[in-house]
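This report refers to the structure that appears directly beneath it.
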Amino acid sequence: MQIMKNSVDNPAPTSKPTPKKVGMIRFEAIIPLAIVIGVIVFYFAFFFDMHLRRGLEYGATLTNGAEVNIGQLNTSVWNASVVISDVEMTNPSLPSSNRIQIGTINFHLLWDALLRGKVVINEASITAVQINTPRKLPGRVLPVQQGGLGESYSDKVLGKIKEEFSQNVVGDLAAIAAGANPVGQLNEMGADLKSNTLLAGIHKSLDEKNQQWQSRMAAMPKGEDFSDMQRRLANVKLDNLQDITQIQASLKELESLRDDFDVKSKSVQTSGAALTADLGTFRATFSELDKVIKEDVRDLQAHMRLPPLDAAALSRALFGMDVLGKVQQARNYMEQARSYMPVKRDQKSTSDVRERKAGHNYAFARLNGYPRFWLKKALISARSTGGSTLSGEILDVTSSPHMIGRPMMATIKGDLPQQGITGIKAELMIDHTTSMPVERLLMEVGKYSVSDRSLVDSQNVKIRISKAESAVKFMAELREENVDMHLTNQFTQVAIEVKSQSDIAQKMISASVAGLNTVNLNAHVTGVWSELDWQLSSNLGEALERGMRRYLQGEIDAARARIESQVNDRITEQRQNLYVRQGEMESSLKSALTERQVQIDKLRSALDGARSKLEGRKNSLLGVQQQKLKQGSGKFLDDLRKKF
Amino acid sequence: MTLILKQLFSLINLLNSDTGTNQIAAGFACGLILGFSPALSLQTLLVIIFLFLFRIQIGAALVSAFFFAFIAWLFDPISHVVGSAILEIGALQPLFTTLYNMPIIPLTRFYNSITMGAGVVAILLAPLVFLGSRRLIFIYRATVVTRFKNSHWWKMWAGTTLFKWYANYEKLRG
């Protein structure tokens with residue numbers, strides 16, 4: 001603008017005004033800079049705590065799955081400290097109460113570490129911890145995230161287990177007791193049995209195999225080949241041989257015939273052995289068919305809601321979901337621990353997971369340096385609330401366990417009399433200091449009250465523990481992908497409530513559980529995450545089995561037999577047909593093979609005979625010649641003697 | 001916001017004047033470093049302090065930072081490769097270990113492959129951008145501005161009373 005204005009107002013170039021001289025430092029910016037700094041200070045003094053509190057509430061709500069409230073949050077830049085008060089974590093399954101309520105969380109950060117971009121807390125305190133406290137207003141519960149595309153194989157396996165456990169075994173048994181015919185619709189079922197499909201597949205495969213076998217047989221030396229050799233053998237001169245030369249010529253011819261025979265007979269034997277092995281393998285698919293038939297029977301039983309009547313299945317139906325919940329919880333905590341406290345594998349994997357876009361963070365940490373995050377010690381106490389004696393400590397929570405070389409340990413013990421919980425003892429060890437992650441939890445609760453705990457909630461029957469005293473012991477050890485969990489739960493002074501629309505079902509289940517004052521549950525889950533072995537047993541399951549068996553055994557056995565006969569009826573014809581076809585093919589192939597083998601054996605023996613005959617004749621001629629030679633030499637010696 | 005707008009107008013003003021070439025060129029060079037650095041890092045803070053303290057054209061820095069941030073985003077994969085190569089140099093490991101464990105320095109996030117790669121590229125390119133933008137400003141003034149001021153409609157506009165009033169105001173304001 002300046003130059004354009006000059007060009008119009010002052011056309012002469014000499015009249016350009018000299019620009020004002022200015023220094024390098026922008027002194028006039030000092031005041032705006034001071035204002036900016038002032039605004040930042042003002043924000044941190046009056047608004048930062050509030051925004052941080054809201055941010056923490058938001059993040060904790062996402063992690064907890066239900067509303068988390070933080071009453072107060074105070075930060076101090078000079079002391080590098082944070083004080084969080086009145087933390088309430090809503091119980092997602094009971095929004096009117098808090099899962100955990102914490103009075104105060106207080107921690108000081110090290111400025112020395114902060115200047116290095118690290119967070120190190122020497123000692124923190126978590127006081128006035130309470131559990132299961134009532135909320136003034138019910139907390140917001142977040143919708144449960146369903147497994148999406150990122151679902152791992154182990155998640156799918158756990159999902160299948162969940163489906164199995166959520167099947168209404170007891171309800172189905174009660175329905176049968178009430179008069180439902182479990183196999184009433186069996187005749188209306190379509191012919192879509194797995195065994196049918198497998199049979200059709202085997203038939204098709206048999207056709208293909210037969211073609212292969214026939215072409216193999218065709219490629220083998222034929223009967224004419226051996227007949228031809230037989231003719232060649234007949235033409236070999238074996239008798240009236242007068243000299244060695246004739247014998248040698250016959251032997252040579254015999255040798256050539258023998259070579260041809262060896263090649264052809266070997267080919268027949270090799271192909272025959274391969275064919276026999278192949279036939280054996282094919283026959284083995286029939287045992288697969290038996291397995292699939294059993295599977296069909298099981299599927300139909302499940303489809304017809306014909307539940308198994310055994311204590312193990314009933315125990316799984318009663319307590320499986322509880323145990324599964326604990327296993328899933330353990331898995332979630334394990335995944336979080338492995339994500340935030342990674343094990344040392346190689347340089348790249350030890351880096352911090354927080355990255356700028358797709359970049360990679362390298363760790364150049366020293367052994368005596370600070371990890372990115374390190375909570376050295378946190379004291380937990382609930383002593384100030386309602387006579388509680390709960391106390392514990394958490395040691396060495398860090399983002400780089402291999403750097404500090406110590407596992408994270410958390411211990412807690414004491415009583416919460418206000419909540420009626422005594423004998424709490426928990427020990428958690430997370431060892432990610434080596435390349436093999438190990439997590440171990442031991443948890444015991446000596447006594448706690450249970451009320452209105454639903455065991456079965458179906459249309460046909462409802463069973464619940466209306467009141468009981470309970471004790472629980474839980475041990476879990478996770479080592480890489482391996483899982484080993486034990487759960488022992490004992491309910492004493494049990495009052496079991498049974499409700500059913502059917503009088504018979506009501507009577508049957510009530511009679512089964514009558515006099516049961518104690519209920520035990522023993523669960524043992526082992527294996528790897530993708531293949532877990534669930535062993536659940538409960539005396540309640542056994543009592544129900546005994547009681548229900550009296551009423552239902554006959555009916556269930558009859559229904560099961562009907563399903564089995566139905567499946568067998570549908571496939572018998574096809575199965576018979578398959579066996580007949582397979583038998584015919586096998587016998588035809590075997591007879592062709594046997595025929596060749598007979599020819600081979602016959603020819604082999606003829607060849608051997610001819611050879612031994614020629615060898616004999618050869619030896620005899622050689623003996624005569626030797627004799628003649630001996631006589632000739634004796635006469636020659638006599639003549640010589642006479643001369644001298 | 002007023003400060004930023006003022007700086008942007010000042011940039012247009014300076015571009016079309018005979019002065020402030022170095023200020024604008026330095027602004028572009030600082031913008032390059034700003035654009036190539038993570039938003040929350042020590043080096044960004046240092047460049048901003050530099051912009052305030054020294055007579056560098058802030059408008060030029062902000063406009064070019066916006067532009068170079070987009071370029072940096074496109075070149076992230078290359079920056080990652082360059083940064084990884086530097087951070088994996090065996091001879092520099094003791095230096096990086098010392099820097100990583102020193103106070104303040106880790107706040108630059110030099111240990112991140114993209115930050116390191118983009119940072120090194122920005123530092124190497126900054127003098128070139130400074131010299132290149134100086135040259136481009138001269139060319140711009142010699143061609144675009146001269147042609148513009150010789151155009152008929154500009155001469156008509158410059159002859160209006162309104163423009164004369166504004167020119168007088170500018171002269172008095174200095």
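Convention: chains lettered A, B, ... in structure tokens order; per-chain residue numbering from 1; ligands numbered from 1 as shown.
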Requested in this report: At a cut-off of 6 Å, list the chain B residues touching chain A, using only C-alpha atoms, as a list of chain:residue names.
Outcome: B:Asn13, B:Ser17, B:Leu53, B:Phe54, B:Arg55, B:His80, B:Thr97, B:Pro103, B:Ile104, B:Pro106, B:Leu107, B:Tyr111, B:Asn112, B:Ser113, B:Ile114
Written file, previous selection with N, CA and C atoms, as a PDB file, in the first residue's frame:
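Result file out10.pdb:
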ATOM      1  N   ASN B  13       0.641  -5.599   3.754  1.00  0.00           N
ATOM      2  CA  ASN B  13       1.234  -4.255   3.632  1.00  0.00           C
ATOM      3  C   ASN B  13       2.729  -4.353   3.312  1.00  0.00           C
ATOM      4  N   SER B  17       5.252  -3.446   0.001  1.00  0.00           N
ATOM      5  CA  SER B  17       6.133  -2.298   0.209  1.00  0.00           C
ATOM      6  C   SER B  17       7.558  -2.712  -0.179  1.00  0.00           C
ATOM      7  N   LEU B  53       9.442 -11.931  20.650  1.00  0.00           N
ATOM      8  CA  LEU B  53      10.566 -11.103  21.093  1.00  0.00           C
ATOM      9  C   LEU B  53      11.277 -10.399  19.938  1.00  0.00           C
ATOM     10  N   PHE B  54      11.429 -11.090  18.829  1.00  0.00           N
ATOM     11  CA  PHE B  54      12.194 -10.512  17.723  1.00  0.00           C
ATOM     12  C   PHE B  54      11.260 -10.016  16.627  1.00  0.00           C
ATOM     13  N   ARG B  55      11.781  -9.132  15.840  1.00  0.00           N
ATOM     14  CA  ARG B  55      10.936  -8.493  14.837  1.00  0.00           C
ATOM     15  C   ARG B  55      10.798  -9.430  13.621  1.00  0.00           C
ATOM     16  N   HIS B  80       9.062 -40.239   9.395  1.00  0.00           N
ATOM     17  CA  HIS B  80       9.203 -41.401  10.284  1.00  0.00           C
ATOM     18  C   HIS B  80      10.454 -42.206   9.921  1.00  0.00           C
ATOM     19  N   THR B  97      20.642 -41.086  24.990  1.00  0.00           N
ATOM     20  CA  THR B  97      20.355 -41.549  26.362  1.00  0.00           C
ATOM     21  C   THR B  97      20.543 -40.395  27.342  1.00  0.00           C
ATOM     22  N   PRO B 103      16.875 -32.993  32.298  1.00  0.00           N
ATOM     23  CA  PRO B 103      15.648 -32.213  32.477  1.00  0.00           C
ATOM     24  C   PRO B 103      15.351 -31.426  31.193  1.00  0.00           C
ATOM     25  N   ILE B 104      14.139 -31.013  31.030  1.00  0.00           N
ATOM     26  CA  ILE B 104      13.648 -30.126  29.957  1.00  0.00           C
ATOM     27  C   ILE B 104      13.721 -30.748  28.547  1.00  0.00           C
ATOM     28  N   PRO B 106      13.599 -33.732  27.171  1.00  0.00           N
ATOM     29  CA  PRO B 106      12.574 -34.675  26.701  1.00  0.00           C
ATOM     30  C   PRO B 106      11.261 -34.000  26.307  1.00  0.00           C
ATOM     31  N   LEU B 107      11.058 -32.760  26.787  1.00  0.00           N
ATOM     32  CA  LEU B 107       9.810 -32.065  26.434  1.00  0.00           C
ATOM     33  C   LEU B 107       9.764 -31.703  24.945  1.00  0.00           C
ATOM     34  N   TYR B 111      12.552 -38.028  20.923  1.00  0.00           N
ATOM     35  CA  TYR B 111      12.625 -39.490  20.834  1.00  0.00           C
ATOM     36  C   TYR B 111      11.540 -40.071  19.936  1.00  0.00           C
ATOM     37  N   ASN B 112      10.630 -39.224  19.467  1.00  0.00           N
ATOM     38  CA  ASN B 112       9.609 -39.706  18.539  1.00  0.00           C
ATOM     39  C   ASN B 112      10.147 -39.653  17.114  1.00  0.00           C
ATOM     40  N   SER B 113       9.954 -40.724  16.371  1.00  0.00           N
ATOM     41  CA  SER B 113      10.568 -40.815  15.034  1.00  0.00           C
ATOM     42  C   SER B 113      10.096 -39.688  14.120  1.00  0.00           C
ATOM     43  N   ILE B 114       8.810 -39.368  14.147  1.00  0.00           N
ATOM     44  CA  ILE B 114       8.296 -38.317  13.241  1.00  0.00           C
ATOM     45  C   ILE B 114       8.783 -36.944  13.702  1.00  0.00           C
TER      46      ILE B 114
END
Requested in this report: Quick one: everything within 12 Å of Leu199 in chain A, counting only C-alpha atoms, minus sequence neighbours fewer than 4 positions away in the same chain. Send it as a PyMOL selection string.
Outcome: chain A and resi 192-195+203-206+285-290+292-293+570-579
Export of prior selection with C-alpha atoms as a short mmCIF file (atom, residue, chain, number, x, y, z; two decimals), in the first residue's frame:
data_model
loop_
_atom_site.label_atom_id
_atom_site.label_comp_id
_atom_site.auth_asym_id
_atom_site.auth_seq_id
_atom_site.Cartn_x
_atom_site.Cartn_y
_atom_site.Cartn_z
CA ASP A 192 -30.97 -80.71 7.04
CA LEU A 193 -28.85 -83.03 9.16
CA LYS A 194 -25.08 -82.66 9.15
CA SER A 195 -24.75 -86.42 8.69
CA HIS A 203 -20.67 -90.62 -1.90
CA LYS A 204 -19.24 -87.95 -4.17
CA SER A 205 -15.77 -88.56 -2.84
CA LEU A 206 -16.21 -92.31 -3.40
CA THR A 285 -13.93 -91.45 7.10
CA PHE A 286 -16.74 -93.74 8.21
CA SER A 287 -15.74 -93.22 11.86
CA GLU A 288 -16.10 -89.46 11.21
CA LEU A 289 -19.64 -90.22 10.08
CA ASP A 290 -20.40 -91.83 13.46
CA VAL A 292 -21.35 -86.45 13.07
CA ILE A 293 -24.38 -88.62 13.73
CA ARG A 570 -33.09 -90.68 7.99
CA ILE A 571 -29.60 -91.82 7.10
CA THR A 572 -29.78 -95.62 7.28
CA GLU A 573 -30.59 -96.14 3.60
CA GLN A 574 -27.87 -93.80 2.37
CA ARG A 575 -25.41 -95.28 4.83
CA GLN A 576 -26.17 -98.86 3.75
CA ASN A 577 -25.89 -97.85 0.15
CA LEU A 578 -22.51 -96.27 0.82
CA TYR A 579 -21.20 -99.36 2.59
#
Report task. May I ask which of the residues B:Ala167, B:Thr44, B:Leu51, B:Arg147 is the closest one to Arg109 in chain B, counting only C-alpha atoms? Result -> B:Thr44
Using the chain letters and numbers from this document, which residues of range 21-128 of chain B does DSSP assign to alpha helix (DSSP H), as a CSV table (one decimal) with N, CA and C atoms, in the first residue's frame?
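The result, stored in out_2.csv:
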chain,number,residue,atom,x,y,z
B,21,THR,N,11.6,-7.2,4.0
B,21,THR,CA,11.8,-8.5,3.3
B,21,THR,C,12.4,-9.6,4.2
B,22,ASN,N,13.3,-9.2,5.0
B,22,ASN,CA,13.9,-10.2,6.0
B,22,ASN,C,12.9,-10.6,7.0
B,23,GLN,N,12.1,-9.7,7.5
B,23,GLN,CA,11.1,-10.0,8.5
B,23,GLN,C,10.2,-11.1,8.0
B,24,ILE,N,9.7,-10.9,6.7
B,24,ILE,CA,8.7,-11.8,6.2
B,24,ILE,C,9.4,-13.2,5.9
B,25,ALA,N,10.6,-13.1,5.4
B,25,ALA,CA,11.4,-14.4,5.1
B,25,ALA,C,11.6,-15.1,6.4
B,26,ALA,N,12.0,-14.4,7.4
B,26,ALA,CA,12.2,-15.1,8.7
B,26,ALA,C,10.9,-15.7,9.3
B,27,GLY,N,9.8,-14.9,9.0
B,27,GLY,CA,8.5,-15.5,9.4
B,27,GLY,C,8.2,-16.8,8.7
B,28,PHE,N,8.5,-16.8,7.4
B,28,PHE,CA,8.2,-18.1,6.7
B,28,PHE,C,9.1,-19.2,7.2
B,29,ALA,N,10.4,-18.9,7.5
B,29,ALA,CA,11.3,-19.9,8.1
B,29,ALA,C,10.8,-20.4,9.4
B,30,CYS,N,10.3,-19.5,10.3
B,30,CYS,CA,9.8,-19.9,11.6
B,30,CYS,C,8.5,-20.7,11.4
B,31,GLY,N,7.7,-20.3,10.4
B,31,GLY,CA,6.5,-21.0,10.1
B,31,GLY,C,6.8,-22.5,9.7
B,32,LEU,N,7.9,-22.6,9.0
B,32,LEU,CA,8.3,-24.0,8.6
B,32,LEU,C,8.5,-24.8,9.8
B,33,ILE,N,9.3,-24.3,10.8
B,33,ILE,CA,9.6,-25.0,12.0
B,33,ILE,C,8.4,-25.3,12.8
B,34,LEU,N,7.5,-24.3,12.9
B,34,LEU,CA,6.2,-24.5,13.6
B,34,LEU,C,5.4,-25.6,13.0
B,35,GLY,N,5.3,-25.5,11.7
B,35,GLY,CA,4.4,-26.5,11.0
B,35,GLY,C,5.0,-27.9,11.1
B,36,PHE,N,6.3,-28.0,11.2
B,36,PHE,CA,6.9,-29.4,11.2
B,36,PHE,C,7.0,-29.9,12.6
B,42,LEU,N,8.2,-28.3,23.3
B,42,LEU,CA,9.1,-27.2,23.8
B,42,LEU,C,9.6,-26.4,22.6
B,43,GLN,N,9.9,-27.0,21.5
B,43,GLN,CA,10.4,-26.2,20.3
B,43,GLN,C,9.3,-25.2,19.8
B,44,THR,N,8.1,-25.7,19.8
B,44,THR,CA,7.0,-24.8,19.4
B,44,THR,C,6.9,-23.6,20.3
B,45,LEU,N,7.0,-23.8,21.6
B,45,LEU,CA,7.0,-22.7,22.6
B,45,LEU,C,8.1,-21.8,22.3
B,46,LEU,N,9.3,-22.3,22.1
B,46,LEU,CA,10.5,-21.5,21.9
B,46,LEU,C,10.3,-20.6,20.6
B,47,VAL,N,9.8,-21.2,19.6
B,47,VAL,CA,9.6,-20.4,18.3
B,47,VAL,C,8.6,-19.3,18.5
B,48,ILE,N,7.5,-19.6,19.3
B,48,ILE,CA,6.5,-18.6,19.6
B,48,ILE,C,7.1,-17.4,20.4
B,49,ILE,N,8.0,-17.8,21.4
B,49,ILE,CA,8.6,-16.7,22.1
B,49,ILE,C,9.5,-15.9,21.2
B,50,PHE,N,10.2,-16.6,20.3
B,50,PHE,CA,11.1,-15.9,19.4
B,50,PHE,C,10.3,-14.9,18.5
B,51,LEU,N,9.1,-15.4,18.1
B,51,LEU,CA,8.2,-14.6,17.2
B,51,LEU,C,7.8,-13.3,18.0
B,52,PHE,N,7.6,-13.5,19.3
B,52,PHE,CA,7.1,-12.3,20.0
B,52,PHE,C,8.3,-11.4,20.3
B,53,LEU,N,9.4,-11.9,20.7
B,53,LEU,CA,10.6,-11.1,21.1
B,53,LEU,C,11.3,-10.4,19.9
B,58,ILE,N,4.9,-12.1,12.3
B,58,ILE,CA,4.1,-13.1,12.9
B,58,ILE,C,3.0,-13.6,11.9
B,59,GLY,N,2.5,-12.7,11.1
B,59,GLY,CA,1.4,-13.1,10.1
B,59,GLY,C,2.0,-14.1,9.1
B,60,ALA,N,3.2,-13.8,8.6
B,60,ALA,CA,3.9,-14.7,7.7
B,60,ALA,C,4.1,-16.1,8.4
B,61,ALA,N,4.5,-16.0,9.6
B,61,ALA,CA,4.8,-17.3,10.4
B,61,ALA,C,3.6,-18.1,10.5
B,62,LEU,N,2.5,-17.4,10.9
B,62,LEU,CA,1.2,-18.2,11.1
B,62,LEU,C,0.7,-18.8,9.8
B,63,VAL,N,0.7,-17.9,8.8
B,63,VAL,CA,0.1,-18.4,7.5
B,63,VAL,C,1.0,-19.6,7.0
B,64,SER,N,2.3,-19.4,7.0
B,64,SER,CA,3.2,-20.5,6.5
B,64,SER,C,3.1,-21.7,7.5
B,65,ALA,N,2.9,-21.5,8.8
B,65,ALA,CA,2.8,-22.7,9.7
B,65,ALA,C,1.6,-23.5,9.3
B,66,PHE,N,0.5,-22.9,9.0
B,66,PHE,CA,-0.7,-23.6,8.6
B,66,PHE,C,-0.4,-24.4,7.3
B,67,PHE,N,0.3,-23.8,6.4
B,67,PHE,CA,0.6,-24.4,5.1
B,67,PHE,C,1.6,-25.6,5.3
B,68,PHE,N,2.7,-25.3,6.1
B,68,PHE,CA,3.7,-26.3,6.3
B,68,PHE,C,3.2,-27.5,7.2
B,69,ALA,N,2.2,-27.2,8.0
B,69,ALA,CA,1.7,-28.3,8.9
B,69,ALA,C,1.0,-29.3,8.0
B,70,PHE,N,0.3,-28.9,6.9
B,70,PHE,CA,-0.3,-29.8,6.0
B,70,PHE,C,0.8,-30.6,5.2
B,71,ILE,N,1.8,-29.8,4.8
B,71,ILE,CA,2.9,-30.5,4.1
B,71,ILE,C,3.5,-31.6,5.0
B,72,ALA,N,3.8,-31.2,6.3
B,72,ALA,CA,4.4,-32.1,7.2
B,72,ALA,C,3.5,-33.4,7.4
B,73,TRP,N,2.2,-33.2,7.4
B,73,TRP,CA,1.3,-34.3,7.6
B,73,TRP,C,1.4,-35.3,6.4
B,74,LEU,N,1.5,-34.7,5.2
B,74,LEU,CA,1.7,-35.5,4.0
B,74,LEU,C,3.0,-36.3,4.0
B,76,ASP,N,4.6,-37.3,6.7
B,76,ASP,CA,4.9,-38.0,7.9
B,76,ASP,C,5.6,-39.4,7.7
B,77,PRO,N,5.2,-40.2,6.7
B,77,PRO,CA,5.9,-41.5,6.5
B,77,PRO,C,7.4,-41.3,6.3
B,78,ILE,N,7.7,-40.2,5.5
B,78,ILE,CA,9.1,-40.0,5.2
B,78,ILE,C,9.8,-39.5,6.4
B,79,SER,N,9.2,-38.6,7.2
B,79,SER,CA,9.8,-38.1,8.4
B,79,SER,C,10.0,-39.3,9.4
B,80,HIS,N,9.1,-40.2,9.4
B,80,HIS,CA,9.2,-41.4,10.3
B,80,HIS,C,10.5,-42.2,9.9
B,81,VAL,N,10.7,-42.4,8.6
B,81,VAL,CA,11.8,-43.2,8.2
B,81,VAL,C,13.1,-42.4,8.5
B,82,VAL,N,13.1,-41.1,8.3
B,82,VAL,CA,14.3,-40.3,8.5
B,82,VAL,C,14.6,-40.3,10.1
B,83,GLY,N,13.5,-40.1,10.8
B,83,GLY,CA,13.7,-40.0,12.3
B,83,GLY,C,14.2,-41.3,12.9
B,84,SER,N,13.6,-42.4,12.4
B,84,SER,CA,14.0,-43.8,12.9
B,84,SER,C,15.4,-44.0,12.6
B,85,ALA,N,15.8,-43.7,11.3
B,85,ALA,CA,17.2,-43.9,10.9
B,85,ALA,C,18.2,-43.1,11.9
B,86,ILE,N,17.8,-41.9,12.2
B,86,ILE,CA,18.7,-41.1,13.1
B,86,ILE,C,18.7,-41.6,14.5
B,87,LEU,N,17.5,-42.0,15.0
B,87,LEU,CA,17.4,-42.5,16.4
B,87,LEU,C,18.0,-43.8,16.6
B,93,GLN,N,23.6,-43.2,20.3
B,93,GLN,CA,22.8,-43.8,21.4
B,93,GLN,C,23.2,-43.2,22.8
B,94,PRO,N,24.5,-43.0,23.1
B,94,PRO,CA,24.8,-42.4,24.4
B,94,PRO,C,24.3,-41.0,24.5
B,95,LEU,N,24.4,-40.2,23.4
B,95,LEU,CA,23.9,-38.8,23.3
B,95,LEU,C,22.4,-38.8,23.6
B,96,PHE,N,21.7,-39.7,22.9
B,96,PHE,CA,20.2,-39.7,23.0
B,96,PHE,C,19.9,-40.1,24.5
B,97,THR,N,20.6,-41.1,25.0
B,97,THR,CA,20.4,-41.5,26.4
B,97,THR,C,20.5,-40.4,27.3
B,98,THR,N,21.6,-39.6,27.1
B,98,THR,CA,21.9,-38.5,28.0
B,98,THR,C,20.7,-37.5,27.9
B,99,LEU,N,20.4,-37.2,26.6
B,99,LEU,CA,19.3,-36.2,26.4
B,99,LEU,C,18.0,-36.6,27.0
B,100,TYR,N,17.7,-37.9,26.8
B,100,TYR,CA,16.4,-38.5,27.3
B,100,TYR,C,16.3,-38.4,28.8
B,101,ASN,N,17.5,-38.4,29.5
B,101,ASN,CA,17.4,-38.4,30.9
B,101,ASN,C,17.7,-37.0,31.5
B,113,SER,N,10.0,-40.7,16.4
B,113,SER,CA,10.6,-40.8,15.0
B,113,SER,C,10.1,-39.7,14.1
B,114,ILE,N,8.8,-39.4,14.1
B,114,ILE,CA,8.3,-38.3,13.2
B,114,ILE,C,8.8,-36.9,13.7
B,115,THR,N,8.8,-36.7,15.0
B,115,THR,CA,9.2,-35.4,15.5
B,115,THR,C,10.7,-35.2,15.2
B,116,MET,N,11.5,-36.3,15.4
B,116,MET,CA,12.9,-36.2,15.1
B,116,MET,C,13.1,-35.9,13.5
B,117,GLY,N,12.5,-36.8,12.7
B,117,GLY,CA,12.6,-36.7,11.3
B,117,GLY,C,12.2,-35.3,10.8
B,118,ALA,N,11.0,-34.9,11.2
B,118,ALA,CA,10.4,-33.6,10.7
B,118,ALA,C,11.3,-32.5,11.3
B,119,GLY,N,11.7,-32.6,12.5
B,119,GLY,CA,12.6,-31.5,13.1
B,119,GLY,C,13.9,-31.3,12.3
B,120,VAL,N,14.5,-32.4,12.0
B,120,VAL,CA,15.8,-32.3,11.3
B,120,VAL,C,15.6,-31.8,9.9
B,121,VAL,N,14.5,-32.2,9.2
B,121,VAL,CA,14.2,-31.7,7.9
B,121,VAL,C,13.9,-30.2,8.0
B,122,ALA,N,13.1,-29.8,9.0
B,122,ALA,CA,12.8,-28.4,9.2
B,122,ALA,C,14.0,-27.5,9.4
B,123,ILE,N,14.9,-28.0,10.3
B,123,ILE,CA,16.1,-27.2,10.6
B,123,ILE,C,17.0,-27.1,9.3
B,124,LEU,N,17.1,-28.2,8.6
B,124,LEU,CA,17.9,-28.1,7.3
B,124,LEU,C,17.2,-27.2,6.3
B,125,LEU,N,15.9,-27.2,6.2
B,125,LEU,CA,15.2,-26.5,5.2
B,125,LEU,C,15.0,-25.0,5.6
B,126,ALA,N,15.1,-24.7,6.9
B,126,ALA,CA,14.8,-23.3,7.3
B,126,ALA,C,15.7,-22.2,6.6
B,127,PRO,N,17.0,-22.4,6.5
B,127,PRO,CA,17.8,-21.4,5.8
B,127,PRO,C,17.4,-21.3,4.3
B,128,LEU,N,17.1,-22.5,3.8
B,128,LEU,CA,16.8,-22.5,2.3
B,128,LEU,C,15.4,-21.7,2.1
Report task. Rounded to one decimal place, report the CA of Ala175 in chain A-CA of Met321 in chain A distance in Å. Result -> 21.5 Å
Query raised in the report: What lies within 7 Å of range 504-518 of chain A using only C-alpha atoms, ignoring chain neighbours under 5 positions off, as a PyMOL selection string?
Result: chain A and resi 174+177-178+491-494+498-499+543-544+547-548
Requested in this report: Could you give me, as a PyMOL selection string, the residues within 7 Å of Asn98 in chain A, counting only C-alpha atoms and dropping anything in the same chain fewer than 3 positions from it?
Outcome: chain A and resi 88-91+101+131-135
Report task. Find the distance between CA of Gly71 in chain A and CA of Asp86 in chain A and write it in Å to one decimal. Result -> 4.7 Å
Report task. Using backbone DSSP assignments, extract all strand (DSSP E) residues from range 264-476 of chain A; output them as a count of residues only. Result -> 73
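Reported to one decimal place, the separation of CA of Gly171 in chain A from CA of Arg549 in chain A is 14.8 Å.
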